[in-house]
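Chemist: Below is the file my_file_36.pdb, with PDB, C-alpha atoms (C1' of nucleotides).
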ATOM      1  CA  MET A 447     -61.733  74.351  -7.227  1.00  0.00           C
ATOM      2  CA  LYS A 448     -60.037  77.722  -7.159  1.00  0.00           C
ATOM      3  CA  GLN A 449     -61.919  79.566  -9.846  1.00  0.00           C
ATOM      4  CA  GLN A 450     -59.951  82.773  -9.445  1.00  0.00           C
ATOM      5  CA  ALA A 451     -56.602  80.989  -9.664  1.00  0.00           C
ATOM      6  CA  VAL A 452     -57.709  79.230 -12.837  1.00  0.00           C
ATOM      7  CA  PHE A 453     -58.932  82.395 -14.555  1.00  0.00           C
ATOM      8  CA  LYS A 454     -55.796  84.224 -13.519  1.00  0.00           C
ATOM      9  CA  ALA A 455     -53.571  81.437 -14.770  1.00  0.00           C
ATOM     10  CA  MET A 456     -55.281  81.403 -18.150  1.00  0.00           C
ATOM     11  CA  ALA A 457     -55.108  85.173 -18.571  1.00  0.00           C
ATOM     12  CA  ASP A 458     -51.470  85.080 -19.655  1.00  0.00           C
ATOM     13  CA  PRO A 459     -50.531  84.101 -23.232  1.00  0.00           C
ATOM     14  CA  THR A 460     -47.294  82.405 -22.184  1.00  0.00           C
ATOM     15  CA  ARG A 461     -49.167  80.224 -19.718  1.00  0.00           C
ATOM     16  CA  ARG A 462     -51.788  79.332 -22.316  1.00  0.00           C
ATOM     17  CA  ALA A 463     -48.987  78.388 -24.678  1.00  0.00           C
ATOM     18  CA  ILE A 464     -47.497  76.168 -21.982  1.00  0.00           C
ATOM     19  CA  LEU A 465     -50.831  74.421 -21.514  1.00  0.00           C
ATOM     20  CA  LYS A 466     -51.103  73.982 -25.289  1.00  0.00           C
ATOM     21  CA  ARG A 467     -47.669  72.385 -25.407  1.00  0.00           C
ATOM     22  CA  LEU A 468     -48.580  70.025 -22.610  1.00  0.00           C
ATOM     23  CA  GLN A 469     -51.699  68.886 -24.418  1.00  0.00           C
ATOM     24  CA  ALA A 470     -49.391  66.986 -26.768  1.00  0.00           C
ATOM     25  CA  GLY A 471     -47.764  65.208 -23.839  1.00  0.00           C
ATOM     26  CA  ALA A 472     -45.671  65.674 -20.722  1.00  0.00           C
ATOM     27  CA  LEU A 473     -42.440  67.656 -20.989  1.00  0.00           C
ATOM     28  CA  THR A 474     -39.613  68.604 -18.682  1.00  0.00           C
ATOM     29  CA  ALA A 475     -39.196  72.201 -17.603  1.00  0.00           C
ATOM     30  CA  GLY A 476     -36.196  72.476 -19.893  1.00  0.00           C
ATOM     31  CA  GLU A 477     -37.988  71.032 -22.913  1.00  0.00           C
ATOM     32  CA  LEU A 478     -40.839  73.462 -22.368  1.00  0.00           C
ATOM     33  CA  GLY A 479     -38.418  76.325 -21.939  1.00  0.00           C
ATOM     34  CA  ALA A 480     -36.788  75.626 -25.296  1.00  0.00           C
ATOM     35  CA  HIS A 481     -39.903  76.949 -26.983  1.00  0.00           C
ATOM     36  CA  PHE A 482     -39.983  80.279 -25.169  1.00  0.00           C
ATOM     37  CA  ASP A 483     -37.732  83.258 -25.473  1.00  0.00           C
ATOM     38  CA  MET A 484     -37.316  83.991 -21.795  1.00  0.00           C
ATOM     39  CA  THR A 485     -35.177  82.824 -18.934  1.00  0.00           C
ATOM     40  CA  GLY A 486     -35.825  79.590 -17.093  1.00  0.00           C
ATOM     41  CA  ALA A 487     -36.558  81.633 -13.998  1.00  0.00           C
ATOM     42  CA  ALA A 488     -39.370  83.477 -15.751  1.00  0.00           C
ATOM     43  CA  LEU A 489     -40.789  80.177 -16.971  1.00  0.00           C
ATOM     44  CA  SER A 490     -40.517  78.736 -13.509  1.00  0.00           C
ATOM     45  CA  HIS A 491     -42.723  81.542 -12.225  1.00  0.00           C
ATOM     46  CA  HIS A 492     -45.330  80.734 -14.845  1.00  0.00           C
ATOM     47  CA  PHE A 493     -45.158  77.068 -13.888  1.00  0.00           C
ATOM     48  CA  ALA A 494     -45.788  78.053 -10.284  1.00  0.00           C
ATOM     49  CA  VAL A 495     -48.933  79.964 -11.265  1.00  0.00           C
ATOM     50  CA  LEU A 496     -50.203  77.013 -13.267  1.00  0.00           C
ATOM     51  CA  LYS A 497     -49.429  74.660 -10.401  1.00  0.00           C
ATOM     52  CA  GLN A 498     -51.211  76.901  -7.915  1.00  0.00           C
ATOM     53  CA  ALA A 499     -54.283  76.728 -10.141  1.00  0.00           C
ATOM     54  CA  ASP A 500     -53.828  72.966 -10.142  1.00  0.00           C
ATOM     55  CA  LEU A 501     -53.731  72.964 -13.927  1.00  0.00           C
ATOM     56  CA  VAL A 502     -50.450  71.086 -14.149  1.00  0.00           C
ATOM     57  CA  ARG A 503     -48.729  68.364 -12.184  1.00  0.00           C
ATOM     58  CA  THR A 504     -45.048  67.803 -11.598  1.00  0.00           C
ATOM     59  CA  GLU A 505     -43.024  64.701 -11.093  1.00  0.00           C
ATOM     60  CA  ARG A 506     -39.304  64.542 -10.555  1.00  0.00           C
ATOM     61  CA  ARG A 507     -37.506  62.152 -12.835  1.00  0.00           C
ATOM     62  CA  GLY A 508     -33.864  62.134 -11.882  1.00  0.00           C
ATOM     63  CA  GLN A 509     -32.450  65.579 -12.539  1.00  0.00           C
ATOM     64  CA  PHE A 510     -35.519  66.629 -14.434  1.00  0.00           C
ATOM     65  CA  ILE A 511     -38.919  67.797 -13.417  1.00  0.00           C
ATOM     66  CA  VAL A 512     -41.647  66.606 -15.727  1.00  0.00           C
ATOM     67  CA  TYR A 513     -44.724  68.739 -16.241  1.00  0.00           C
ATOM     68  CA  SER A 514     -48.026  67.317 -17.355  1.00  0.00           C
ATOM     69  CA  LEU A 515     -51.578  68.575 -17.637  1.00  0.00           C
ATOM     70  CA  ASN A 516     -53.806  67.783 -14.716  1.00  0.00           C
ATOM     71  CA  SER A 517     -56.535  66.525 -17.009  1.00  0.00           C
ATOM     72  CA  THR A 518     -58.994  65.960 -14.197  1.00  0.00           C
ATOM     73  CA  VAL A 519     -58.853  69.612 -13.298  1.00  0.00           C
ATOM     74  CA  MET A 520     -58.918  70.627 -16.963  1.00  0.00           C
ATOM     75  CA  GLU A 521     -62.255  68.839 -17.248  1.00  0.00           C
ATOM     76  CA  ASP A 522     -63.457  70.678 -14.178  1.00  0.00           C
ATOM     77  CA  VAL A 523     -62.314  73.919 -15.754  1.00  0.00           C
ATOM     78  CA  ALA A 524     -64.271  73.150 -18.890  1.00  0.00           C
ATOM     79  CA  ARG A 525     -67.356  72.377 -16.833  1.00  0.00           C
ATOM     80  CA  MET A 526     -66.906  75.520 -14.766  1.00  0.00           C
ATOM     81  CA  LEU A 527     -66.536  77.681 -17.853  1.00  0.00           C
ATOM     82  CA  MET A 528     -69.525  76.157 -19.559  1.00  0.00           C
ATOM     83  CA  ASP A 529     -71.526  76.710 -16.425  1.00  0.00           C
ATOM     84  CA  PHE A 530     -70.284  80.263 -16.216  1.00  0.00           C
ATOM     85  CA  LEU A 531     -71.268  80.886 -19.805  1.00  0.00           C
ATOM     86  CA  GLN A 532     -74.539  79.022 -19.318  1.00  0.00           C
ATOM     87  CA  ILE A 533     -73.801  76.463 -21.982  1.00  0.00           C
ATOM     88  CA  LYS A 534     -75.442  73.063 -21.645  1.00  0.00           C
ATOM     89  CA  PRO A 535     -72.952  70.229 -21.287  1.00  0.00           C
ATOM     90  CA  SER A 536     -72.765  67.756 -24.130  1.00  0.00           C
ATOM     91  CA  THR A 537     -74.814  64.657 -23.318  1.00  0.00           C
ATOM     92  CA  GLY A 538     -72.331  62.087 -24.555  1.00  0.00           C
ATOM     93  CA  GLY A 539     -69.476  61.130 -22.283  1.00  0.00           C
ATOM     94  CA  ASP A 540     -67.531  59.862 -25.276  1.00  0.00           C
ATOM     95  CA  SER A 541     -63.993  60.076 -23.946  1.00  0.00           C
TER      96      SER A 541
ATOM     97  CA  MET B1072     -62.048  87.591 -31.860  1.00  0.00           C
ATOM     98  CA  LYS B1073     -59.591  89.065 -29.399  1.00  0.00           C
ATOM     99  CA  GLN B1074     -58.716  86.034 -27.332  1.00  0.00           C
ATOM    100  CA  GLN B1075     -56.327  87.891 -25.068  1.00  0.00           C
ATOM    101  CA  ALA B1076     -58.834  90.644 -24.316  1.00  0.00           C
ATOM    102  CA  VAL B1077     -61.464  88.054 -23.427  1.00  0.00           C
ATOM    103  CA  PHE B1078     -59.204  86.103 -21.084  1.00  0.00           C
ATOM    104  CA  LYS B1079     -58.006  89.294 -19.472  1.00  0.00           C
ATOM    105  CA  ALA B1080     -61.543  90.560 -19.029  1.00  0.00           C
ATOM    106  CA  MET B1081     -62.603  87.341 -17.351  1.00  0.00           C
ATOM    107  CA  ALA B1082     -59.626  87.259 -14.997  1.00  0.00           C
ATOM    108  CA  ASP B1083     -61.176  89.806 -12.633  1.00  0.00           C
ATOM    109  CA  PRO B1084     -63.839  88.702 -10.141  1.00  0.00           C
ATOM    110  CA  THR B1085     -65.729  92.001 -10.324  1.00  0.00           C
ATOM    111  CA  ARG B1086     -65.984  91.707 -14.081  1.00  0.00           C
ATOM    112  CA  ARG B1087     -67.168  88.110 -13.863  1.00  0.00           C
ATOM    113  CA  ALA B1088     -69.797  89.244 -11.364  1.00  0.00           C
ATOM    114  CA  ILE B1089     -70.900  91.937 -13.814  1.00  0.00           C
ATOM    115  CA  LEU B1090     -71.265  89.345 -16.559  1.00  0.00           C
ATOM    116  CA  LYS B1091     -73.234  87.118 -14.182  1.00  0.00           C
ATOM    117  CA  ARG B1092     -75.610  89.988 -13.385  1.00  0.00           C
ATOM    118  CA  LEU B1093     -76.122  90.689 -17.049  1.00  0.00           C
ATOM    119  CA  GLN B1094     -77.033  87.089 -17.752  1.00  0.00           C
ATOM    120  CA  ALA B1095     -80.324  87.808 -16.007  1.00  0.00           C
ATOM    121  CA  GLY B1096     -80.978  90.731 -18.326  1.00  0.00           C
ATOM    122  CA  ALA B1097     -79.776  94.166 -19.375  1.00  0.00           C
ATOM    123  CA  LEU B1098     -79.092  96.771 -16.693  1.00  0.00           C
ATOM    124  CA  THR B1099     -78.037 100.390 -16.576  1.00  0.00           C
ATOM    125  CA  ALA B1100     -74.589 101.315 -15.267  1.00  0.00           C
ATOM    126  CA  GLY B1101     -76.239 102.663 -12.134  1.00  0.00           C
ATOM    127  CA  GLU B1102     -78.292  99.535 -11.524  1.00  0.00           C
ATOM    128  CA  LEU B1103     -75.203  97.400 -11.928  1.00  0.00           C
ATOM    129  CA  GLY B1104     -73.234  99.686  -9.654  1.00  0.00           C
ATOM    130  CA  ALA B1105     -75.778  99.296  -6.861  1.00  0.00           C
ATOM    131  CA  HIS B1106     -74.545  95.731  -6.363  1.00  0.00           C
ATOM    132  CA  PHE B1107     -70.891  96.610  -5.955  1.00  0.00           C
ATOM    133  CA  ASP B1108     -69.076  98.328  -3.156  1.00  0.00           C
ATOM    134  CA  MET B1109     -66.915 100.600  -5.258  1.00  0.00           C
ATOM    135  CA  THR B1110     -67.244 103.939  -6.968  1.00  0.00           C
ATOM    136  CA  GLY B1111     -69.025 104.366 -10.270  1.00  0.00           C
ATOM    137  CA  ALA B1112     -65.715 105.420 -11.751  1.00  0.00           C
ATOM    138  CA  ALA B1113     -64.096 102.107 -10.846  1.00  0.00           C
ATOM    139  CA  LEU B1114     -67.076 100.243 -12.300  1.00  0.00           C
ATOM    140  CA  SER B1115     -66.872 102.327 -15.438  1.00  0.00           C
ATOM    141  CA  HIS B1116     -63.328 101.156 -15.929  1.00  0.00           C
ATOM    142  CA  HIS B1117     -64.436  97.536 -15.640  1.00  0.00           C
ATOM    143  CA  PHE B1118     -67.205  98.194 -18.158  1.00  0.00           C
ATOM    144  CA  ALA B1119     -64.573  99.549 -20.537  1.00  0.00           C
ATOM    145  CA  VAL B1120     -62.512  96.363 -20.225  1.00  0.00           C
ATOM    146  CA  LEU B1121     -65.585  94.232 -20.912  1.00  0.00           C
ATOM    147  CA  LYS B1122     -66.509  96.420 -23.868  1.00  0.00           C
ATOM    148  CA  GLN B1123     -63.019  96.197 -25.281  1.00  0.00           C
ATOM    149  CA  ALA B1124     -63.311  92.417 -25.147  1.00  0.00           C
ATOM    150  CA  ASP B1125     -66.646  92.821 -26.916  1.00  0.00           C
ATOM    151  CA  LEU B1126     -68.353  90.891 -24.140  1.00  0.00           C
ATOM    152  CA  VAL B1127     -70.960  93.577 -23.469  1.00  0.00           C
ATOM    153  CA  ARG B1128     -72.869  96.079 -25.535  1.00  0.00           C
ATOM    154  CA  THR B1129     -74.086  99.501 -24.574  1.00  0.00           C
ATOM    155  CA  GLU B1130     -77.063 101.492 -25.661  1.00  0.00           C
ATOM    156  CA  ARG B1131     -78.002 104.932 -24.466  1.00  0.00           C
ATOM    157  CA  ARG B1132     -81.566 105.215 -23.236  1.00  0.00           C
ATOM    158  CA  GLY B1133     -82.195 108.795 -22.279  1.00  0.00           C
ATOM    159  CA  GLN B1134     -79.956 109.669 -19.374  1.00  0.00           C
ATOM    160  CA  PHE B1135     -79.003 106.079 -18.835  1.00  0.00           C
ATOM    161  CA  ILE B1136     -76.604 103.760 -20.491  1.00  0.00           C
ATOM    162  CA  VAL B1137     -77.888 100.219 -20.683  1.00  0.00           C
ATOM    163  CA  TYR B1138     -75.436  97.340 -20.585  1.00  0.00           C
ATOM    164  CA  SER B1139     -76.239  93.935 -22.004  1.00  0.00           C
ATOM    165  CA  LEU B1140     -74.312  90.773 -22.769  1.00  0.00           C
ATOM    166  CA  ASN B1141     -73.093  90.416 -26.299  1.00  0.00           C
ATOM    167  CA  SER B1142     -74.439  86.891 -26.523  1.00  0.00           C
ATOM    168  CA  THR B1143     -72.968  86.272 -29.969  1.00  0.00           C
ATOM    169  CA  VAL B1144     -69.498  86.867 -28.624  1.00  0.00           C
ATOM    170  CA  MET B1145     -70.275  84.892 -25.475  1.00  0.00           C
ATOM    171  CA  GLU B1146     -71.029  81.914 -27.699  1.00  0.00           C
ATOM    172  CA  ASP B1147     -67.758  82.469 -29.510  1.00  0.00           C
ATOM    173  CA  VAL B1148     -66.006  82.587 -26.155  1.00  0.00           C
ATOM    174  CA  ALA B1149     -67.546  79.276 -25.172  1.00  0.00           C
ATOM    175  CA  ARG B1150     -66.465  77.730 -28.453  1.00  0.00           C
ATOM    176  CA  MET B1151     -62.976  79.172 -28.112  1.00  0.00           C
ATOM    177  CA  LEU B1152     -62.633  77.826 -24.582  1.00  0.00           C
ATOM    178  CA  MET B1153     -63.904  74.396 -25.491  1.00  0.00           C
ATOM    179  CA  ASP B1154     -61.490  74.327 -28.397  1.00  0.00           C
ATOM    180  CA  PHE B1155     -58.681  75.462 -26.135  1.00  0.00           C
ATOM    181  CA  LEU B1156     -59.500  72.750 -23.634  1.00  0.00           C
ATOM    182  CA  GLN B1157     -60.014  70.218 -26.424  1.00  0.00           C
ATOM    183  CA  ILE B1158     -63.589  69.490 -25.480  1.00  0.00           C
ATOM    184  CA  LYS B1159     -65.921  68.248 -28.192  1.00  0.00           C
ATOM    185  CA  PRO B1160     -68.830  70.593 -28.855  1.00  0.00           C
ATOM    186  CA  SER B1161     -72.293  69.369 -27.930  1.00  0.00           C
ATOM    187  CA  THR B1162     -74.079  67.990 -30.989  1.00  0.00           C
ATOM    188  CA  GLY B1163     -77.463  69.556 -30.343  1.00  0.00           C
ATOM    189  CA  GLY B1164     -78.003  73.184 -31.249  1.00  0.00           C
ATOM    190  CA  ASP B1165     -80.958  73.322 -28.862  1.00  0.00           C
ATOM    191  CA  SER B1166     -81.155  77.058 -28.205  1.00  0.00           C
TER     192      SER B1166
ATOM    193  C1'  DG C 803     -79.756 128.780 -20.589  1.00  0.00           C
ATOM    194  C1'  DC C 804     -79.474 126.535 -15.873  1.00  0.00           C
ATOM    195  C1'  DA C 805     -79.643 122.879 -12.529  1.00  0.00           C
ATOM    196  C1'  DA C 806     -79.972 117.934 -11.549  1.00  0.00           C
ATOM    197  C1'  DT C 807     -78.789 113.209 -12.706  1.00  0.00           C
ATOM    198  C1'  DA C 808     -75.974 109.528 -14.981  1.00  0.00           C
ATOM    199  C1'  DT C 809     -71.767 108.197 -16.574  1.00  0.00           C
ATOM    200  C1'  DT C 810     -67.059 108.685 -18.142  1.00  0.00           C
ATOM    201  C1'  DT C 811     -62.390 110.679 -18.090  1.00  0.00           C
ATOM    202  C1'  DA C 812     -58.182 112.439 -15.739  1.00  0.00           C
ATOM    203  C1'  DG C 813     -54.625 112.065 -12.472  1.00  0.00           C
ATOM    204  C1'  DG C 814     -52.491 109.658  -8.861  1.00  0.00           C
ATOM    205  C1'  DA C 815     -51.476 106.057  -4.949  1.00  0.00           C
ATOM    206  C1'  DA C 816     -51.002 101.195  -3.819  1.00  0.00           C
ATOM    207  C1'  DA C 817     -50.819  96.519  -5.212  1.00  0.00           C
ATOM    208  C1'  DT C 818     -49.780  93.109  -8.641  1.00  0.00           C
ATOM    209  C1'  DT C 819     -47.431  91.190 -12.682  1.00  0.00           C
ATOM    210  C1'  DG C 820     -43.696  89.764 -15.613  1.00  0.00           C
ATOM    211  C1'  DC C 821     -39.299  89.893 -16.207  1.00  0.00           C
ATOM    212  C1'  DT C 822     -34.225  90.017 -14.986  1.00  0.00           C
ATOM    213  C1'  DT C 823     -29.720  88.382 -12.586  1.00  0.00           C
ATOM    214  C1'  DA C 824     -27.793  86.008  -8.772  1.00  0.00           C
ATOM    215  C1'  DA C 825     -28.057  82.597  -5.286  1.00  0.00           C
ATOM    216  C1'  DT C 826     -29.852  78.115  -3.843  1.00  0.00           C
ATOM    217  C1'  DT C 827     -31.537  73.279  -3.918  1.00  0.00           C
ATOM    218  C1'  DA C 828     -31.566  68.652  -5.896  1.00  0.00           C
ATOM    219  C1'  DT C 829     -29.625  65.130  -8.614  1.00  0.00           C
ATOM    220  C1'  DA C 830     -26.045  62.619 -11.321  1.00  0.00           C
ATOM    221  C1'  DT C 831     -21.457  61.278 -12.250  1.00  0.00           C
ATOM    222  C1'  DA C 832     -16.555  60.934 -11.876  1.00  0.00           C
TER     223       DA C 832
ATOM    224  C1'  DT D 231     -15.841  64.502  -2.201  1.00  0.00           C
ATOM    225  C1'  DA D 232     -16.014  67.831  -6.063  1.00  0.00           C
ATOM    226  C1'  DT D 233     -18.224  69.264 -10.263  1.00  0.00           C
ATOM    227  C1'  DA D 234     -21.694  69.798 -13.693  1.00  0.00           C
ATOM    228  C1'  DT D 235     -26.604  70.049 -14.948  1.00  0.00           C
ATOM    229  C1'  DA D 236     -31.670  71.056 -14.060  1.00  0.00           C
ATOM    230  C1'  DA D 237     -34.740  73.753 -11.912  1.00  0.00           C
ATOM    231  C1'  DT D 238     -36.408  76.798  -8.342  1.00  0.00           C
ATOM    232  C1'  DT D 239     -36.248  80.703  -5.183  1.00  0.00           C
ATOM    233  C1'  DA D 240     -34.716  85.434  -3.815  1.00  0.00           C
ATOM    234  C1'  DA D 241     -34.288  90.245  -4.674  1.00  0.00           C
ATOM    235  C1'  DG D 242     -35.224  94.014  -7.350  1.00  0.00           C
ATOM    236  C1'  DC D 243     -37.218  96.830 -11.071  1.00  0.00           C
ATOM    237  C1'  DA D 244     -40.417  98.680 -14.760  1.00  0.00           C
ATOM    238  C1'  DA D 245     -44.970  98.287 -16.509  1.00  0.00           C
ATOM    239  C1'  DT D 246     -49.671  97.399 -15.613  1.00  0.00           C
ATOM    240  C1'  DT D 247     -53.853  97.084 -12.899  1.00  0.00           C
ATOM    241  C1'  DT D 248     -57.198  98.592  -9.637  1.00  0.00           C
ATOM    242  C1'  DC D 249     -58.959 101.663  -7.030  1.00  0.00           C
ATOM    243  C1'  DC D 250     -59.804 106.447  -5.374  1.00  0.00           C
ATOM    244  C1'  DT D 251     -61.302 111.658  -5.724  1.00  0.00           C
ATOM    245  C1'  DA D 252     -62.259 115.369  -8.625  1.00  0.00           C
ATOM    246  C1'  DA D 253     -63.423 117.238 -12.971  1.00  0.00           C
ATOM    247  C1'  DA D 254     -65.646 116.785 -17.402  1.00  0.00           C
ATOM    248  C1'  DT D 255     -69.396 115.266 -20.570  1.00  0.00           C
ATOM    249  C1'  DA D 256     -74.149 114.058 -21.909  1.00  0.00           C
ATOM    250  C1'  DT D 257     -78.981 114.196 -21.228  1.00  0.00           C
ATOM    251  C1'  DT D 258     -83.446 115.671 -19.102  1.00  0.00           C
ATOM    252  C1'  DG D 259     -86.640 118.974 -17.453  1.00  0.00           C
ATOM    253  C1'  DC D 260     -87.510 123.624 -15.897  1.00  0.00           C
TER     254       DC D 260
END
Is it possible to give me this structure as structure tokens?

Modeler:
Amino acid sequence: MKQQAVFKAMADPTRRAILKRLQAGALTAGELGAHFDMTGAALSHHFAVLKQADLVRTERRGQFIVYSLNSTVMEDVARMLMDFLQIKPSTGGDS
Amino acid sequence: MKQQAVFKAMADPTRRAILKRLQAGALTAGELGAHFDMTGAALSHHFAVLKQADLVRTERRGQFIVYSLNSTVMEDVARMLMDFLQIKPSTGGDS
DNA sequence: GCAATATTTAGGAAATTGCTTAATTATATA
DNA sequence: TATATAATTAAGCAATTTCCTAAATATTGC
């Protein structure tokens, strides 16, 4: 797991907002973009950073590209952060 | 709590290494610097970023300035991250 | 006060980031 | 095929970051 890529990806407020949006469910690049006041190109760059950190996945659906959280990696991120901060993991695996 | 400052502070590998060092106990700027291959001035800048994020505290002891983790804020950071990642907090407050 | 030590601040070069517009790729439809 | 739509990539620019050296500040001990 690319720790540096993950920290870097999360250091930007736009990218955190993208991740937040995706927590509610998968969205196309265009649907995501509707919520941000910047060009699609700028968003696309942010998507690339998130993808490089393996935080999101993409899937083409016809003309659209659907973004979704890579929840497996998000769990790893949580574990990594808790380890970094020396927090004990919760005992219950109540997913 | 300045979320953006915290994320930004943690995005740099040198600063994460500083935090790691401080988890073992407080150290002076000079002691910390001994572990890094860069000038004291560069380190001092990193200290400033960590201080701005309220992640470390300083205390002058004679000629030295002692750096220590601000553990209260570190706990807040952990909570913030777990909330961000939608992880349930551990039930036990076993400190 | 003066010199030595510890740390920060100032000023600047090089790399990175975040954004833009324009061009390109991929798909759908007529 | 031609055209429209969705999204990415390319090229370029301003702001920021990271590092350096040199100068300034703070403290200790003579």

Chemist: If you take only C-alpha atoms (C1' of nucleotides) and a cut-off of 12 Å, which residues of chain C touch chain A, and what are their nearest atom pairs and distances in Å to one decimal, in chain and number order, as JSON lines?

Modeler:
{"residue": "C:DT818", "atom": "C1'", "partner": "A:Lys454", "partner_atom": "CA", "distance": 11.8}
{"residue": "C:DT819", "atom": "C1'", "partner": "A:Asp458", "partner_atom": "CA", "distance": 10.1}
{"residue": "C:DG820", "atom": "C1'", "partner": "A:Ala488", "partner_atom": "CA", "distance": 7.6}
{"residue": "C:DC821", "atom": "C1'", "partner": "A:Ala488", "partner_atom": "CA", "distance": 6.4}
{"residue": "C:DT822", "atom": "C1'", "partner": "A:Thr485", "partner_atom": "CA", "distance": 8.3}
{"residue": "C:DT823", "atom": "C1'", "partner": "A:Ala487", "partner_atom": "CA", "distance": 9.7}
{"residue": "C:DA824", "atom": "C1'", "partner": "A:Ala487", "partner_atom": "CA", "distance": 11.1}
{"residue": "C:DT827", "atom": "C1'", "partner": "A:Gln509", "partner_atom": "CA", "distance": 11.6}
{"residue": "C:DA828", "atom": "C1'", "partner": "A:Gln509", "partner_atom": "CA", "distance": 7.4}
{"residue": "C:DT829", "atom": "C1'", "partner": "A:Gln509", "partner_atom": "CA", "distance": 4.9}
{"residue": "C:DA830", "atom": "C1'", "partner": "A:Gln509", "partner_atom": "CA", "distance": 7.2}
{"residue": "C:DT831", "atom": "C1'", "partner": "A:Gln509", "partner_atom": "CA", "distance": 11.8}

Chemist: Where does the PyMOL selection byres ((chain D) within 9 of (chain B)) land in this file, that is, which residues does it pick, as an MDAnalysis selection string?

Modeler: chainID D and resid 248:250 256:258

Chemist: Kindly resolve the PyMOL selection byres ((chain A) within 9 of (chain B)) on the present coordinates and return the residues as a ChimeraX atom specification.

Modeler: /A:450-459,462,466,469,520-521,523-524,527-528,530-538

Chemist: Take the residues from that selection and put them in a file with C-alpha atoms, as an mmCIF file, in the frame of the given file.

Modeler:
data_model
loop_
_atom_site.group_PDB
_atom_site.id
_atom_site.type_symbol
_atom_site.label_atom_id
_atom_site.label_comp_id
_atom_site.auth_asym_id
_atom_site.auth_seq_id
_atom_site.Cartn_x
_atom_site.Cartn_y
_atom_site.Cartn_z
ATOM 1 C CA GLN A 450 -59.951 82.773 -9.445
ATOM 2 C CA ALA A 451 -56.602 80.989 -9.664
ATOM 3 C CA VAL A 452 -57.709 79.230 -12.837
ATOM 4 C CA PHE A 453 -58.932 82.395 -14.555
ATOM 5 C CA LYS A 454 -55.796 84.224 -13.519
ATOM 6 C CA ALA A 455 -53.571 81.437 -14.770
ATOM 7 C CA MET A 456 -55.281 81.403 -18.150
ATOM 8 C CA ALA A 457 -55.108 85.173 -18.571
ATOM 9 C CA ASP A 458 -51.470 85.080 -19.655
ATOM 10 C CA PRO A 459 -50.531 84.101 -23.232
ATOM 11 C CA ARG A 462 -51.788 79.332 -22.316
ATOM 12 C CA LYS A 466 -51.103 73.982 -25.289
ATOM 13 C CA GLN A 469 -51.699 68.886 -24.418
ATOM 14 C CA MET A 520 -58.918 70.627 -16.963
ATOM 15 C CA GLU A 521 -62.255 68.839 -17.248
ATOM 16 C CA VAL A 523 -62.314 73.919 -15.754
ATOM 17 C CA ALA A 524 -64.271 73.150 -18.890
ATOM 18 C CA LEU A 527 -66.536 77.681 -17.853
ATOM 19 C CA MET A 528 -69.525 76.157 -19.559
ATOM 20 C CA PHE A 530 -70.284 80.263 -16.216
ATOM 21 C CA LEU A 531 -71.268 80.886 -19.805
ATOM 22 C CA GLN A 532 -74.539 79.022 -19.318
ATOM 23 C CA ILE A 533 -73.801 76.463 -21.982
ATOM 24 C CA LYS A 534 -75.442 73.063 -21.645
ATOM 25 C CA PRO A 535 -72.952 70.229 -21.287
ATOM 26 C CA SER A 536 -72.765 67.756 -24.130
ATOM 27 C CA THR A 537 -74.814 64.657 -23.318
ATOM 28 C CA GLY A 538 -72.331 62.087 -24.555
#

Chemist: Quick one: pull the distance between C1' of DG803 in chain C and C1' of DA254 in chain D, Å, one decimal.

Modeler: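 That distance, rounded to one decimal, is 18.8 Å.
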
Chemist: Exactly which residues make up the result of the PyMOL selection byres ((chain A and resi 515) around 9) on this file, given as a PyMOL selection string?

Modeler: chain A and resi 465+468-469+471-472+500-504+513-514+516-520

Chemist: Quote the spacing between CA of Leu473 in chain A and CA of Val512 in chain A in Å to one decimal place.

Modeler: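 Atom-to-atom, CA of Leu473 in chain A to CA of Val512 in chain A, that is 5.4 Å.
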